[in-house]
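Novice: First the structure, which I've put down as structure tokens, then a few questions once you've had a look.
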Amino acid sequence: VKFYYSSGSEFDEMFVGVGARRVRELFTAAKANGPALIFIDEIDALGGKRSTKDQSYSRMTLNQLLSEMDGFESSDEVIVIAATNTPGSLDKALTRPGRFDTTVSVDPPDMKGRTAIAETYLAKIKKDATVRAIDIARGTTGFTGAELSNLI
């Protein structure tokens, strides 16, 4: 399976038509090389709720994404997934049935998960013998793995 990664901000261009062209090129490549998986990280940069204050190039880019997602045939063998930290900010047209209609929430790790993550990162650094992963985990409720990495 061919994997295509893109950040939502890669489509955000100030020049009219560039973002829409990038979306079109991504989907064309994936369809030509299927089976394929397209992953768009931080989709809220591309698919945030539209307003009358939006620049025309932003609307064009989002409209192109919506059009590409509507144009799939079962023979295209392309799956599109996306990630965001702010699902409530997404345009309703993007989350309607047939597009991104399934949501999988990934919550921050629990105590056991934070301990395991802390152990992984602590193993890579020099530290005092009194530094323990469990103590870090206890003081970092709500932290993500990335936040733990940054802390350690």
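Chain labels run A, B, ... following the order of the structure tokens; each chain numbers its residues from 1, and ligands are numbered from 1 in the order shown.
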Apply DSSP to the structure's backbone, then extract all residues of segment 67-138 of chain A labelled alpha helix (DSSP H) and return them as a PyMOL selection string.
Specialist: chain A and resi 67-70+111-122+133-138
Novice: Can I get the selected residues back with C-alpha atoms, as a tab-separated table (two decimals), in the first residue's frame?
Specialist:
```
chain	number	residue	atom	x	y	z
A	67	SER	CA	-14.73	17.43	-4.61
A	68	GLU	CA	-11.91	14.88	-4.60
A	69	MET	CA	-13.47	12.97	-1.73
A	70	ASP	CA	-16.82	12.89	-3.53
A	111	MET	CA	-0.94	6.59	34.35
A	112	LYS	CA	0.31	3.24	33.02
A	113	GLY	CA	0.80	4.70	29.54
A	114	ARG	CA	2.58	7.81	30.81
A	115	THR	CA	4.88	5.62	32.91
A	116	ALA	CA	5.78	3.49	29.88
A	117	ILE	CA	6.39	6.56	27.74
A	118	ALA	CA	8.52	8.16	30.45
A	119	GLU	CA	10.55	4.93	30.80
A	120	THR	CA	11.22	4.93	27.07
A	121	TYR	CA	12.52	8.49	27.04
A	122	LEU	CA	14.40	8.22	30.33
A	133	ALA	CA	9.24	7.24	35.47
A	134	ILE	CA	6.38	6.64	37.90
A	135	ASP	CA	7.02	9.99	39.60
A	136	ILE	CA	6.97	11.78	36.26
A	137	ALA	CA	3.75	9.97	35.34
A	138	ARG	CA	2.08	11.00	38.60
```
Novice: Please, what distance in Å, to one decimal, runs between atom CA of Asn63 of chain A and atom CA of Thr103 of chain A?
Specialist: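 Those two atoms sit 21.0 Å apart.
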Novice: Of the residues A:Val106, A:Leu62, A:Leu151, A:Ala83, which is the one nearest to Asp12 of chain A, using only C-alpha atoms?
Specialist: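 Looking only at the distances to Asp12 of chain A, the closest residue turns out to be A:Leu62.
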Novice: Among the residues of segment 5-140 of chain A, find those DSSP assigns to strand (DSSP E or B) from the backbone and print them as a PyMOL selection string.
Specialist: chain A and resi 5-7+36-41+48+78-82+90
Novice: Between A:Thr61, A:Val1, A:Ser149, A:Gly139, which residue has the minimum interatomic distance to Gly19 of chain A, considering only C-alpha atoms?
Specialist: A:Thr61
